[in-house]
Amino acid sequence: MRGRWLRRVGPWLTPALVVAEVALASSGLLPLREAVASAVAVELALWVVVAARVVAGARRFRSARRGGADAWRAAEDALAAVVPRSFARVILLEPRLWACLVRWAIRRHAGVSSASLTYHRQVRGLMGVAAALVAVEGAVADVLLFVLLPGSAWRWAVLGAHVYALVVVGGLHASFATRPHLVVDGNLVVRDGIFHEIVIPLGAITTARRERRANSGRSGLRCDPGTRGATVALGDATVALGIDPAATVAVDGVRLRPRVANLAITVDEPDLLLAALDRGTARRGGRTPPEPGRDAVGRGAAP
């Protein structure tokens with residue numbers, strides 16, 4: 001009971017102590033001597049808590065890596081020992097974006113195969129247009145500022161913001177290209193670039209079929225509790241999955257709530273995904289995989 005309470009409350013201690021320290025320093029409610037003593041006490045408590053949570057985070061990282069988690073998931077688990085998990089996820093978005101951009105630039109990313117399935121083709125043009133608009137708008141604004149505000153530091157700040165915006169657009173596209181869906185270790189891993197990772201046990205997938213559902217741009221993870229349906233698409237969704245509602249579907253390591261009975265996703269090559277799902281299920285249940293290029297009729301898809 002105590003360990004469960006500490007795991008739940010521990011990550012909030014660091015931001016709570018920081019807020020308390022700032023409040024004491026800025027409130028002016030205490031006399032100087034008491035204010036200084038309180039600030040020192042809070043500072044010492046903060047260092048003790050941070051040190052203890054860092055040790056706990058390091059243990060989580062090693063445990064996650066030994067359990068087969070990738071480096072980013074292990075890093076998120078470790079950071080979640082110091083700050084709340086939602087904060088940890090946001091903190092790691094930036095380094096993950098840069099890592100994806102580097103991998104994309106040096107072309108160290110998986111191609112389309114039965115085990116590695118991309119989903120970014122539909123939005124390549126859209127991302128290119130977005131990058132062009134940012135570049136053109138930035139160039140016009142920067143030229144005007146350099147002419148109208150000679151010698152002002154704001155020129156360089158705005159230029160830096162435009163360059164960073166270009167990096168973000170490029171990094172987002174790179175994350176979609178370098179983080180494909182996977183069928184691995186008895187699970188279907190559905191990814192949404194640097195944002196979300198949905199893990200579905202193959203045994204929980206009751207149907208899988210090609211089905212196009214209209215969507216504009218990136219949907220993110222969108223759930224409809226009324227229909228128990230969910231969508232995570234980049235452009236139009238191209239594959240519909242039926243899921244056993246009683247099964248455990250994890251999103252970023254946390255159980256998805258509400259439960260879903262169907263999920264629409266984008267895959268550039270739907271037939272590859274259907275074949276990979278059947279091969280994975282056949283290995284687990286002894287069924288014969290379908291012929292390549294055909295819908296997975298045995299999984300309940302339309303013939």
# chains A, B, ... in the order shown; residues from 1 in each chain; ligands from 1
$ residues_around --residues "Leu182 (chain A)" --least-positions-apart "5" --cutoff "8 Å" --atoms "only C-alpha atoms" --output "ChimeraX atom specification"
/A:115-117,188-190
$ closest_atom_pairs --of "region 114-219 of chain A" --to "region 268-272 of chain A" --cutoff "12 Å" --atoms "only C-alpha atoms" --output "JSON lines"
{"residue": "A:Ser114", "atom": "CA", "partner": "A:Leu272", "partner_atom": "CA", "distance": 5.3}
{"residue": "A:Ala115", "atom": "CA", "partner": "A:Leu272", "partner_atom": "CA", "distance": 8.3}
{"residue": "A:Ser116", "atom": "CA", "partner": "A:Leu272", "partner_atom": "CA", "distance": 9.0}
{"residue": "A:Leu117", "atom": "CA", "partner": "A:Glu269", "partner_atom": "CA", "distance": 7.2}
{"residue": "A:Thr118", "atom": "CA", "partner": "A:Asp268", "partner_atom": "CA", "distance": 5.7}
{"residue": "A:Tyr119", "atom": "CA", "partner": "A:Asp268", "partner_atom": "CA", "distance": 4.9}
{"residue": "A:His120", "atom": "CA", "partner": "A:Asp268", "partner_atom": "CA", "distance": 7.1}
{"residue": "A:Arg121", "atom": "CA", "partner": "A:Asp268", "partner_atom": "CA", "distance": 6.5}
{"residue": "A:Gln122", "atom": "CA", "partner": "A:Asp268", "partner_atom": "CA", "distance": 8.0}
{"residue": "A:Val123", "atom": "CA", "partner": "A:Asp268", "partner_atom": "CA", "distance": 10.9}
{"residue": "A:Arg124", "atom": "CA", "partner": "A:Asp268", "partner_atom": "CA", "distance": 11.9}
{"residue": "A:Phe176", "atom": "CA", "partner": "A:Asp268", "partner_atom": "CA", "distance": 11.7}
{"residue": "A:Ala177", "atom": "CA", "partner": "A:Asp268", "partner_atom": "CA", "distance": 11.0}
{"residue": "A:Pro180", "atom": "CA", "partner": "A:Asp268", "partner_atom": "CA", "distance": 10.0}
{"residue": "A:His181", "atom": "CA", "partner": "A:Asp268", "partner_atom": "CA", "distance": 10.3}
{"residue": "A:Leu182", "atom": "CA", "partner": "A:Leu272", "partner_atom": "CA", "distance": 11.0}
{"residue": "A:Val183", "atom": "CA", "partner": "A:Leu272", "partner_atom": "CA", "distance": 10.5}
{"residue": "A:Ala208", "atom": "CA", "partner": "A:Pro270", "partner_atom": "CA", "distance": 9.8}
{"residue": "A:Arg209", "atom": "CA", "partner": "A:Pro270", "partner_atom": "CA", "distance": 8.3}
{"residue": "A:Arg210", "atom": "CA", "partner": "A:Pro270", "partner_atom": "CA", "distance": 6.4}
{"residue": "A:Glu211", "atom": "CA", "partner": "A:Pro270", "partner_atom": "CA", "distance": 9.2}
{"residue": "A:Arg212", "atom": "CA", "partner": "A:Pro270", "partner_atom": "CA", "distance": 10.3}
$ write_last_selection --atoms "N, CA and C atoms" --output "mmCIF file, in the first residue's frame"
data_model
loop_
_atom_site.group_PDB
_atom_site.id
_atom_site.type_symbol
_atom_site.label_atom_id
_atom_site.label_comp_id
_atom_site.auth_asym_id
_atom_site.auth_seq_id
_atom_site.Cartn_x
_atom_site.Cartn_y
_atom_site.Cartn_z
ATOM 1 N N SER A 114 6.624 -6.453 -44.213
ATOM 2 C CA SER A 114 5.537 -7.106 -43.496
ATOM 3 C C SER A 114 5.596 -6.814 -42.010
ATOM 4 N N ALA A 115 6.740 -6.375 -41.499
ATOM 5 C CA ALA A 115 6.868 -6.102 -40.071
ATOM 6 C C ALA A 115 6.949 -4.613 -39.771
ATOM 7 N N SER A 116 7.175 -3.782 -40.777
ATOM 8 C CA SER A 116 7.363 -2.350 -40.587
ATOM 9 C C SER A 116 6.499 -1.624 -41.605
ATOM 10 N N LEU A 117 5.473 -0.907 -41.140
ATOM 11 C CA LEU A 117 4.429 -0.411 -42.034
ATOM 12 C C LEU A 117 4.277 1.102 -41.893
ATOM 13 N N THR A 118 4.564 1.818 -42.973
ATOM 14 C CA THR A 118 4.506 3.272 -42.944
ATOM 15 C C THR A 118 3.082 3.774 -43.141
ATOM 16 N N TYR A 119 2.876 5.057 -42.832
ATOM 17 C CA TYR A 119 1.526 5.619 -42.885
ATOM 18 C C TYR A 119 1.532 7.112 -43.238
ATOM 19 N N HIS A 120 2.639 7.615 -43.787
ATOM 20 C CA HIS A 120 2.785 9.053 -43.958
ATOM 21 C C HIS A 120 2.620 9.549 -45.392
ATOM 22 N N ARG A 121 2.401 8.652 -46.353
ATOM 23 C CA ARG A 121 2.428 9.079 -47.756
ATOM 24 C C ARG A 121 1.365 10.120 -48.081
ATOM 25 N N GLN A 122 0.172 9.976 -47.503
ATOM 26 C CA GLN A 122 -0.917 10.883 -47.857
ATOM 27 C C GLN A 122 -0.645 12.328 -47.451
ATOM 28 N N VAL A 123 0.183 12.535 -46.438
ATOM 29 C CA VAL A 123 0.378 13.903 -45.945
ATOM 30 C C VAL A 123 1.728 14.488 -46.342
ATOM 31 N N ARG A 124 2.482 13.777 -47.181
ATOM 32 C CA ARG A 124 3.764 14.344 -47.595
ATOM 33 C C ARG A 124 3.575 15.680 -48.299
ATOM 34 N N PHE A 176 6.711 10.906 -38.531
ATOM 35 C CA PHE A 176 5.749 10.032 -39.200
ATOM 36 C C PHE A 176 6.464 9.030 -40.114
ATOM 37 N N ALA A 177 7.578 9.457 -40.725
ATOM 38 C CA ALA A 177 8.295 8.599 -41.669
ATOM 39 C C ALA A 177 9.180 7.574 -40.965
ATOM 40 N N PRO A 180 7.232 3.812 -38.024
ATOM 41 C CA PRO A 180 6.126 3.083 -38.657
ATOM 42 C C PRO A 180 5.371 2.219 -37.651
ATOM 43 N N HIS A 181 4.197 1.751 -38.077
ATOM 44 C CA HIS A 181 3.496 0.727 -37.298
ATOM 45 C C HIS A 181 4.335 -0.551 -37.312
ATOM 46 N N LEU A 182 4.134 -1.396 -36.314
ATOM 47 C CA LEU A 182 4.886 -2.654 -36.226
ATOM 48 C C LEU A 182 3.961 -3.799 -35.842
ATOM 49 N N VAL A 183 4.259 -4.982 -36.355
ATOM 50 C CA VAL A 183 3.667 -6.230 -35.865
ATOM 51 C C VAL A 183 4.824 -7.015 -35.275
ATOM 52 N N ALA A 208 -10.073 -7.613 -39.401
ATOM 53 C CA ALA A 208 -9.167 -6.653 -40.022
ATOM 54 C C ALA A 208 -9.499 -6.595 -41.508
ATOM 55 N N ARG A 209 -9.801 -5.423 -42.008
ATOM 56 C CA ARG A 209 -10.187 -5.308 -43.410
ATOM 57 C C ARG A 209 -9.768 -3.938 -43.960
ATOM 58 N N ARG A 210 -9.626 -3.895 -45.275
ATOM 59 C CA ARG A 210 -9.389 -2.617 -45.947
ATOM 60 C C ARG A 210 -10.682 -1.815 -45.947
ATOM 61 N N GLU A 211 -10.614 -0.624 -45.448
ATOM 62 C CA GLU A 211 -11.792 0.248 -45.425
ATOM 63 C C GLU A 211 -11.335 1.695 -45.366
ATOM 64 N N ARG A 212 -11.762 2.496 -46.327
ATOM 65 C CA ARG A 212 -11.326 3.890 -46.391
ATOM 66 C C ARG A 212 -12.321 4.775 -45.657
#
$ residues_around --residues "Arg222 (chain A)" --least-positions-apart "5" --cutoff "9 Å" --atoms "only C-alpha atoms" --output "short mmCIF file (atom, residue, chain, number, x, y, z; two decimals) with C-alpha atoms, in the first residue's frame"
data_model
loop_
_atom_site.label_atom_id
_atom_site.label_comp_id
_atom_site.auth_asym_id
_atom_site.auth_seq_id
_atom_site.Cartn_x
_atom_site.Cartn_y
_atom_site.Cartn_z
CA GLY A 229 -14.85 3.47 -31.97
CA ALA A 230 -11.47 5.16 -32.27
CA THR A 231 -9.43 6.70 -35.06
CA VAL A 232 -5.75 7.46 -35.41
#
$ closest_residue --among "A:Ile205, A:Val163, A:Leu256, A:Ala233" --to "Asp278 (chain A)" --atoms "only C-alpha atoms"
A:Ile205
$ residues_around --residues "Pro95 (chain A)" --least-positions-apart "2" --cutoff "12 Å" --atoms "only C-alpha atoms" --output "JSON, numbers by chain"
{"A": [72, 75, 76, 88, 89, 90, 91, 92, 93, 97, 98, 99, 100, 101, 102, 168, 171, 172, 175, 194]}
$ write_last_selection --atoms "N, CA, C and O atoms" --output "JSON list (two decimals), in the first residue's frame"
[["chain", "number", "residue", "atom", "x", "y", "z"],
["A", 72, "TRP", "N", 13.17, 5.24, -25.58],
["A", 72, "TRP", "CA", 12.28, 6.37, -25.31],
["A", 72, "TRP", "C", 11.23, 6.01, -24.26],
["A", 72, "TRP", "O", 10.93, 6.82, -23.38],
["A", 75, "ALA", "N", 12.98, 5.93, -21.01],
["A", 75, "ALA", "CA", 13.27, 7.28, -20.54],
["A", 75, "ALA", "C", 12.02, 7.96, -19.98],
["A", 75, "ALA", "O", 12.08, 8.67, -18.97],
["A", 76, "GLU", "N", 10.88, 7.73, -20.63],
["A", 76, "GLU", "CA", 9.62, 8.29, -20.13],
["A", 76, "GLU", "C", 9.28, 7.71, -18.76],
["A", 76, "GLU", "O", 8.86, 8.43, -17.85],
["A", 88, "ALA", "N", 6.26, 14.41, -18.19],
["A", 88, "ALA", "CA", 7.40, 13.69, -18.76],
["A", 88, "ALA", "C", 7.23, 13.50, -20.26],
["A", 88, "ALA", "O", 8.18, 13.66, -21.04],
["A", 89, "ARG", "N", 6.00, 13.19, -20.67],
["A", 89, "ARG", "CA", 5.74, 12.98, -22.10],
["A", 89, "ARG", "C", 5.98, 14.25, -22.89],
["A", 89, "ARG", "O", 6.57, 14.24, -23.97],
["A", 90, "VAL", "N", 5.52, 15.38, -22.34],
["A", 90, "VAL", "CA", 5.70, 16.67, -23.03],
["A", 90, "VAL", "C", 7.18, 17.04, -23.08],
["A", 90, "VAL", "O", 7.68, 17.51, -24.11],
["A", 91, "ILE", "N", 7.90, 16.82, -21.98],
["A", 91, "ILE", "CA", 9.33, 17.14, -21.94],
["A", 91, "ILE", "C", 10.09, 16.37, -23.01],
["A", 91, "ILE", "O", 11.03, 16.91, -23.64],
["A", 92, "LEU", "N", 9.71, 15.12, -23.25],
["A", 92, "LEU", "CA", 10.45, 14.28, -24.19],
["A", 92, "LEU", "C", 10.05, 14.51, -25.65],
["A", 92, "LEU", "O", 10.72, 13.99, -26.55],
["A", 93, "LEU", "N", 8.98, 15.27, -25.90],
["A", 93, "LEU", "CA", 8.58, 15.51, -27.29],
["A", 93, "LEU", "C", 9.69, 16.18, -28.09],
["A", 93, "LEU", "O", 9.96, 15.81, -29.24],
["A", 97, "LEU", "N", 11.60, 14.62, -31.29],
["A", 97, "LEU", "CA", 11.46, 15.26, -32.59],
["A", 97, "LEU", "C", 12.83, 15.43, -33.26],
["A", 97, "LEU", "O", 12.98, 15.13, -34.45],
["A", 98, "TRP", "N", 13.81, 15.89, -32.50],
["A", 98, "TRP", "CA", 15.15, 16.06, -33.07],
["A", 98, "TRP", "C", 15.76, 14.72, -33.47],
["A", 98, "TRP", "O", 16.42, 14.62, -34.51],
["A", 99, "ALA", "N", 15.55, 13.69, -32.66],
["A", 99, "ALA", "CA", 16.08, 12.37, -32.99],
["A", 99, "ALA", "C", 15.48, 11.86, -34.29],
["A", 99, "ALA", "O", 16.19, 11.29, -35.15],
["A", 100, "CYS", "N", 14.16, 12.05, -34.46],
["A", 100, "CYS", "CA", 13.51, 11.61, -35.70],
["A", 100, "CYS", "C", 14.04, 12.39, -36.89],
["A", 100, "CYS", "O", 14.23, 11.84, -37.98],
["A", 101, "LEU", "N", 14.26, 13.69, -36.71],
["A", 101, "LEU", "CA", 14.77, 14.52, -37.80],
["A", 101, "LEU", "C", 16.16, 14.05, -38.23],
["A", 101, "LEU", "O", 16.45, 13.97, -39.43],
["A", 102, "VAL", "N", 17.00, 13.71, -37.27],
["A", 102, "VAL", "CA", 18.35, 13.23, -37.60],
["A", 102, "VAL", "C", 18.26, 11.89, -38.32],
["A", 102, "VAL", "O", 18.94, 11.66, -39.33],
["A", 168, "VAL", "N", 10.40, 22.28, -36.64],
["A", 168, "VAL", "CA", 9.27, 21.53, -36.07],
["A", 168, "VAL", "C", 8.47, 20.85, -37.18],
["A", 168, "VAL", "O", 8.12, 19.66, -37.07],
["A", 171, "GLY", "N", 10.54, 18.05, -38.44],
["A", 171, "GLY", "CA", 10.63, 16.99, -37.44],
["A", 171, "GLY", "C", 9.36, 16.18, -37.33],
["A", 171, "GLY", "O", 9.40, 14.97, -37.15],
["A", 172, "LEU", "N", 8.20, 16.86, -37.46],
["A", 172, "LEU", "CA", 6.93, 16.13, -37.42],
["A", 172, "LEU", "C", 6.83, 15.16, -38.59],
["A", 172, "LEU", "O", 6.45, 13.99, -38.42],
["A", 175, "SER", "N", 9.07, 12.29, -37.99],
["A", 175, "SER", "CA", 8.57, 11.33, -37.01],
["A", 175, "SER", "C", 7.54, 10.39, -37.62],
["A", 175, "SER", "O", 7.50, 9.20, -37.29],
["A", 194, "ILE", "N", 5.64, 11.14, -33.03],
["A", 194, "ILE", "CA", 6.20, 11.27, -31.68],
["A", 194, "ILE", "C", 5.12, 11.35, -30.61],
["A", 194, "ILE", "O", 5.44, 11.42, -29.42]]
$ select_by_dssp --residues "region 82-212 of chain A" --states "alpha helix (DSSP H)" --output "PyMOL selection string"
chain A and resi 85-105+124-148+154-178
$ residues_around --residues "Pro258 (chain A)" --least-positions-apart "2" --cutoff "10 Å" --atoms "only C-alpha atoms" --output "ChimeraX atom specification"
/A:223-226,228-230,245,255-256,260-261
$ write_last_selection --atoms "all heavy atoms" --output "PDB file, in the first residue's frame"
ATOM      1  N   CYS A 223     -11.361   9.177 -29.814  1.00  0.00           N
ATOM      2  CA  CYS A 223     -12.248   8.104 -29.355  1.00  0.00           C
ATOM      3  C   CYS A 223     -13.689   8.596 -29.293  1.00  0.00           C
ATOM      4  O   CYS A 223     -13.946   9.752 -28.949  1.00  0.00           O
ATOM      5  CB  CYS A 223     -11.822   7.598 -27.978  1.00  0.00           C
ATOM      6  SG  CYS A 223     -10.177   6.851 -27.924  1.00  0.00           S
ATOM      7  N   ASP A 224     -14.621   7.702 -29.616  1.00  0.00           N
ATOM      8  CA  ASP A 224     -16.044   7.983 -29.522  1.00  0.00           C
ATOM      9  C   ASP A 224     -16.650   6.972 -28.549  1.00  0.00           C
ATOM     10  O   ASP A 224     -16.930   5.830 -28.927  1.00  0.00           O
ATOM     11  CB  ASP A 224     -16.707   7.870 -30.897  1.00  0.00           C
ATOM     12  CG  ASP A 224     -18.188   8.222 -30.866  1.00  0.00           C
ATOM     13  OD1 ASP A 224     -18.720   8.451 -29.765  1.00  0.00           O
ATOM     14  OD2 ASP A 224     -18.811   8.271 -31.946  1.00  0.00           O
ATOM     15  N   PRO A 225     -16.854   7.362 -27.284  1.00  0.00           N
ATOM     16  CA  PRO A 225     -17.377   6.402 -26.298  1.00  0.00           C
ATOM     17  C   PRO A 225     -18.733   5.830 -26.685  1.00  0.00           C
ATOM     18  O   PRO A 225     -19.050   4.694 -26.327  1.00  0.00           O
ATOM     19  CB  PRO A 225     -17.466   7.249 -25.013  1.00  0.00           C
ATOM     20  CG  PRO A 225     -16.524   8.384 -25.223  1.00  0.00           C
ATOM     21  CD  PRO A 225     -16.565   8.674 -26.693  1.00  0.00           C
ATOM     22  N   GLY A 226     -19.557   6.597 -27.408  1.00  0.00           N
ATOM     23  CA  GLY A 226     -20.882   6.112 -27.774  1.00  0.00           C
ATOM     24  C   GLY A 226     -20.847   4.908 -28.685  1.00  0.00           C
ATOM     25  O   GLY A 226     -21.659   3.977 -28.532  1.00  0.00           O
ATOM     26  N   ARG A 228     -17.907   3.166 -29.206  1.00  0.00           N
ATOM     27  CA  ARG A 228     -16.706   2.396 -28.864  1.00  0.00           C
ATOM     28  C   ARG A 228     -15.739   2.344 -30.041  1.00  0.00           C
ATOM     29  O   ARG A 228     -15.035   1.357 -30.236  1.00  0.00           O
ATOM     30  CB  ARG A 228     -17.066   0.984 -28.417  1.00  0.00           C
ATOM     31  CG  ARG A 228     -17.664   0.915 -27.022  1.00  0.00           C
ATOM     32  CD  ARG A 228     -17.715  -0.519 -26.526  1.00  0.00           C
ATOM     33  NE  ARG A 228     -18.108  -0.581 -25.127  1.00  0.00           N
ATOM     34  CZ  ARG A 228     -18.179  -1.699 -24.423  1.00  0.00           C
ATOM     35  NH1 ARG A 228     -17.878  -2.852 -24.998  1.00  0.00           N
ATOM     36  NH2 ARG A 228     -18.540  -1.683 -23.172  1.00  0.00           N
ATOM     37  N   GLY A 229     -15.753   3.395 -30.829  1.00  0.00           N
ATOM     38  CA  GLY A 229     -14.848   3.469 -31.965  1.00  0.00           C
ATOM     39  C   GLY A 229     -13.729   4.464 -31.705  1.00  0.00           C
ATOM     40  O   GLY A 229     -13.855   5.378 -30.885  1.00  0.00           O
ATOM     41  N   ALA A 230     -12.611   4.269 -32.395  1.00  0.00           N
ATOM     42  CA  ALA A 230     -11.471   5.165 -32.265  1.00  0.00           C
ATOM     43  C   ALA A 230     -10.800   5.308 -33.627  1.00  0.00           C
ATOM     44  O   ALA A 230     -10.907   4.422 -34.488  1.00  0.00           O
ATOM     45  CB  ALA A 230     -10.476   4.646 -31.230  1.00  0.00           C
ATOM     46  N   PRO A 245     -13.529  -5.793 -26.868  1.00  0.00           N
ATOM     47  CA  PRO A 245     -13.579  -4.721 -25.864  1.00  0.00           C
ATOM     48  C   PRO A 245     -13.032  -5.119 -24.506  1.00  0.00           C
ATOM     49  O   PRO A 245     -12.650  -4.254 -23.712  1.00  0.00           O
ATOM     50  CB  PRO A 245     -15.087  -4.390 -25.777  1.00  0.00           C
ATOM     51  CG  PRO A 245     -15.685  -4.922 -27.027  1.00  0.00           C
ATOM     52  CD  PRO A 245     -14.868  -6.121 -27.393  1.00  0.00           C
ATOM     53  N   ARG A 255      -3.407   1.928 -19.798  1.00  0.00           N
ATOM     54  CA  ARG A 255      -4.588   1.283 -20.369  1.00  0.00           C
ATOM     55  C   ARG A 255      -5.537   2.316 -20.966  1.00  0.00           C
ATOM     56  O   ARG A 255      -5.853   3.328 -20.339  1.00  0.00           O
ATOM     57  CB  ARG A 255      -5.300   0.474 -19.291  1.00  0.00           C
ATOM     58  CG  ARG A 255      -6.447  -0.379 -19.819  1.00  0.00           C
ATOM     59  CD  ARG A 255      -6.925  -1.351 -18.766  1.00  0.00           C
ATOM     60  NE  ARG A 255      -7.914  -2.269 -19.300  1.00  0.00           N
ATOM     61  CZ  ARG A 255      -8.348  -3.340 -18.668  1.00  0.00           C
ATOM     62  NH1 ARG A 255      -7.865  -3.623 -17.472  1.00  0.00           N
ATOM     63  NH2 ARG A 255      -9.250  -4.126 -19.212  1.00  0.00           N
ATOM     64  N   LEU A 256      -5.982   2.049 -22.190  1.00  0.00           N
ATOM     65  CA  LEU A 256      -6.873   2.974 -22.885  1.00  0.00           C
ATOM     66  C   LEU A 256      -8.262   2.921 -22.266  1.00  0.00           C
ATOM     67  O   LEU A 256      -8.862   1.861 -22.125  1.00  0.00           O
ATOM     68  CB  LEU A 256      -6.962   2.613 -24.370  1.00  0.00           C
ATOM     69  CG  LEU A 256      -7.946   3.437 -25.217  1.00  0.00           C
ATOM     70  CD1 LEU A 256      -7.550   4.909 -25.223  1.00  0.00           C
ATOM     71  CD2 LEU A 256      -8.004   2.893 -26.640  1.00  0.00           C
ATOM     72  N   VAL A 260     -12.400   0.305 -26.493  1.00  0.00           N
ATOM     73  CA  VAL A 260     -12.800   0.457 -27.891  1.00  0.00           C
ATOM     74  C   VAL A 260     -13.084  -0.913 -28.495  1.00  0.00           C
ATOM     75  O   VAL A 260     -12.486  -1.920 -28.102  1.00  0.00           O
ATOM     76  CB  VAL A 260     -11.717   1.183 -28.714  1.00  0.00           C
ATOM     77  CG1 VAL A 260     -11.494   2.591 -28.191  1.00  0.00           C
ATOM     78  CG2 VAL A 260     -10.406   0.405 -28.710  1.00  0.00           C
ATOM     79  N   ALA A 261     -14.034  -0.933 -29.446  1.00  0.00           N
ATOM     80  CA  ALA A 261     -14.380  -2.167 -30.147  1.00  0.00           C
ATOM     81  C   ALA A 261     -13.921  -2.135 -31.595  1.00  0.00           C
ATOM     82  O   ALA A 261     -13.903  -3.172 -32.261  1.00  0.00           O
ATOM     83  CB  ALA A 261     -15.884  -2.413 -30.086  1.00  0.00           C
TER      84      ALA A 261
END
$ atom_distance --atom1 "CA of Gly217 (chain A)" --atom2 "CA of Pro84 (chain A)"
29.9 Å
$ select_by_dssp --residues "region 85-282 of chain A" --states "strand (DSSP E)" --output "PyMOL selection string"
chain A and resi 116-117+181-184+187-192+196-201+205-213+218-224+229-234+237-243+250-251+254-255+262-265
$ atom_distance --atom1 "CA of Arg155 (chain A)" --atom2 "CA of Asp142 (chain A)"
6.6 Å
$ closest_residue --among "A:Gly253, A:Val134, A:Val140, A:Ser219" --to "Val169 (chain A)" --atoms "only C-alpha atoms"
A:Val134
$ decode --residues "region 79-98 of chain A" --atoms "N, CA and C atoms" --output "PDB file, in the first residue's frame"
ATOM      1  N   LEU A  79      11.633   9.347 -16.235  1.00  0.00           N
ATOM      2  CA  LEU A  79      11.289  10.747 -15.958  1.00  0.00           C
ATOM      3  C   LEU A  79       9.975  10.855 -15.198  1.00  0.00           C
ATOM      4  N   ALA A  80       9.066   9.892 -15.413  1.00  0.00           N
ATOM      5  CA  ALA A  80       7.786   9.885 -14.709  1.00  0.00           C
ATOM      6  C   ALA A  80       7.949   9.618 -13.221  1.00  0.00           C
ATOM      7  N   ALA A  81       9.132   9.192 -12.787  1.00  0.00           N
ATOM      8  CA  ALA A  81       9.392   9.048 -11.362  1.00  0.00           C
ATOM      9  C   ALA A  81       9.730  10.386 -10.721  1.00  0.00           C
ATOM     10  N   VAL A  82      10.123  11.362 -11.541  1.00  0.00           N
ATOM     11  CA  VAL A  82      10.528  12.677 -11.030  1.00  0.00           C
ATOM     12  C   VAL A  82       9.401  13.689 -11.156  1.00  0.00           C
ATOM     13  N   VAL A  83       8.681  13.653 -12.291  1.00  0.00           N
ATOM     14  CA  VAL A  83       7.550  14.552 -12.532  1.00  0.00           C
ATOM     15  C   VAL A  83       6.379  13.703 -13.007  1.00  0.00           C
ATOM     16  N   PRO A  84       5.143  14.218 -12.967  1.00  0.00           N
ATOM     17  CA  PRO A  84       4.000  13.432 -13.461  1.00  0.00           C
ATOM     18  C   PRO A  84       4.203  12.987 -14.904  1.00  0.00           C
ATOM     19  N   ARG A  85       3.630  11.831 -15.252  1.00  0.00           N
ATOM     20  CA  ARG A  85       3.862  11.236 -16.560  1.00  0.00           C
ATOM     21  C   ARG A  85       3.461  12.169 -17.701  1.00  0.00           C
ATOM     22  N   SER A  86       2.373  12.902 -17.535  1.00  0.00           N
ATOM     23  CA  SER A  86       1.962  13.819 -18.603  1.00  0.00           C
ATOM     24  C   SER A  86       3.033  14.869 -18.852  1.00  0.00           C
ATOM     25  N   PHE A  87       3.680  15.368 -17.781  1.00  0.00           N
ATOM     26  CA  PHE A  87       4.774  16.312 -17.939  1.00  0.00           C
ATOM     27  C   PHE A  87       5.970  15.639 -18.623  1.00  0.00           C
ATOM     28  N   ALA A  88       6.262  14.411 -18.187  1.00  0.00           N
ATOM     29  CA  ALA A  88       7.402  13.685 -18.760  1.00  0.00           C
ATOM     30  C   ALA A  88       7.228  13.503 -20.257  1.00  0.00           C
ATOM     31  N   ARG A  89       6.001  13.187 -20.674  1.00  0.00           N
ATOM     32  CA  ARG A  89       5.741  12.977 -22.096  1.00  0.00           C
ATOM     33  C   ARG A  89       5.978  14.252 -22.888  1.00  0.00           C
ATOM     34  N   VAL A  90       5.518  15.379 -22.343  1.00  0.00           N
ATOM     35  CA  VAL A  90       5.701  16.665 -23.028  1.00  0.00           C
ATOM     36  C   VAL A  90       7.181  17.037 -23.082  1.00  0.00           C
ATOM     37  N   ILE A  91       7.901  16.815 -21.982  1.00  0.00           N
ATOM     38  CA  ILE A  91       9.325  17.142 -21.938  1.00  0.00           C
ATOM     39  C   ILE A  91      10.095  16.374 -23.009  1.00  0.00           C
ATOM     40  N   LEU A  92       9.711  15.124 -23.248  1.00  0.00           N
ATOM     41  CA  LEU A  92      10.454  14.282 -24.191  1.00  0.00           C
ATOM     42  C   LEU A  92      10.053  14.514 -25.648  1.00  0.00           C
ATOM     43  N   LEU A  93       8.978  15.274 -25.902  1.00  0.00           N
ATOM     44  CA  LEU A  93       8.578  15.509 -27.291  1.00  0.00           C
ATOM     45  C   LEU A  93       9.689  16.178 -28.090  1.00  0.00           C
ATOM     46  N   GLU A  94      10.315  17.181 -27.491  1.00  0.00           N
ATOM     47  CA  GLU A  94      11.353  17.927 -28.210  1.00  0.00           C
ATOM     48  C   GLU A  94      12.547  17.051 -28.577  1.00  0.00           C
ATOM     49  N   PRO A  95      13.192  16.339 -27.627  1.00  0.00           N
ATOM     50  CA  PRO A  95      14.320  15.485 -28.033  1.00  0.00           C
ATOM     51  C   PRO A  95      13.909  14.381 -29.003  1.00  0.00           C
ATOM     52  N   ARG A  96      12.690  13.853 -28.866  1.00  0.00           N
ATOM     53  CA  ARG A  96      12.245  12.806 -29.801  1.00  0.00           C
ATOM     54  C   ARG A  96      12.099  13.390 -31.199  1.00  0.00           C
ATOM     55  N   LEU A  97      11.603  14.621 -31.286  1.00  0.00           N
ATOM     56  CA  LEU A  97      11.460  15.261 -32.594  1.00  0.00           C
ATOM     57  C   LEU A  97      12.828  15.428 -33.263  1.00  0.00           C
ATOM     58  N   TRP A  98      13.813  15.886 -32.496  1.00  0.00           N
ATOM     59  CA  TRP A  98      15.154  16.060 -33.068  1.00  0.00           C
ATOM     60  C   TRP A  98      15.762  14.721 -33.466  1.00  0.00           C
TER      61      TRP A  98
END
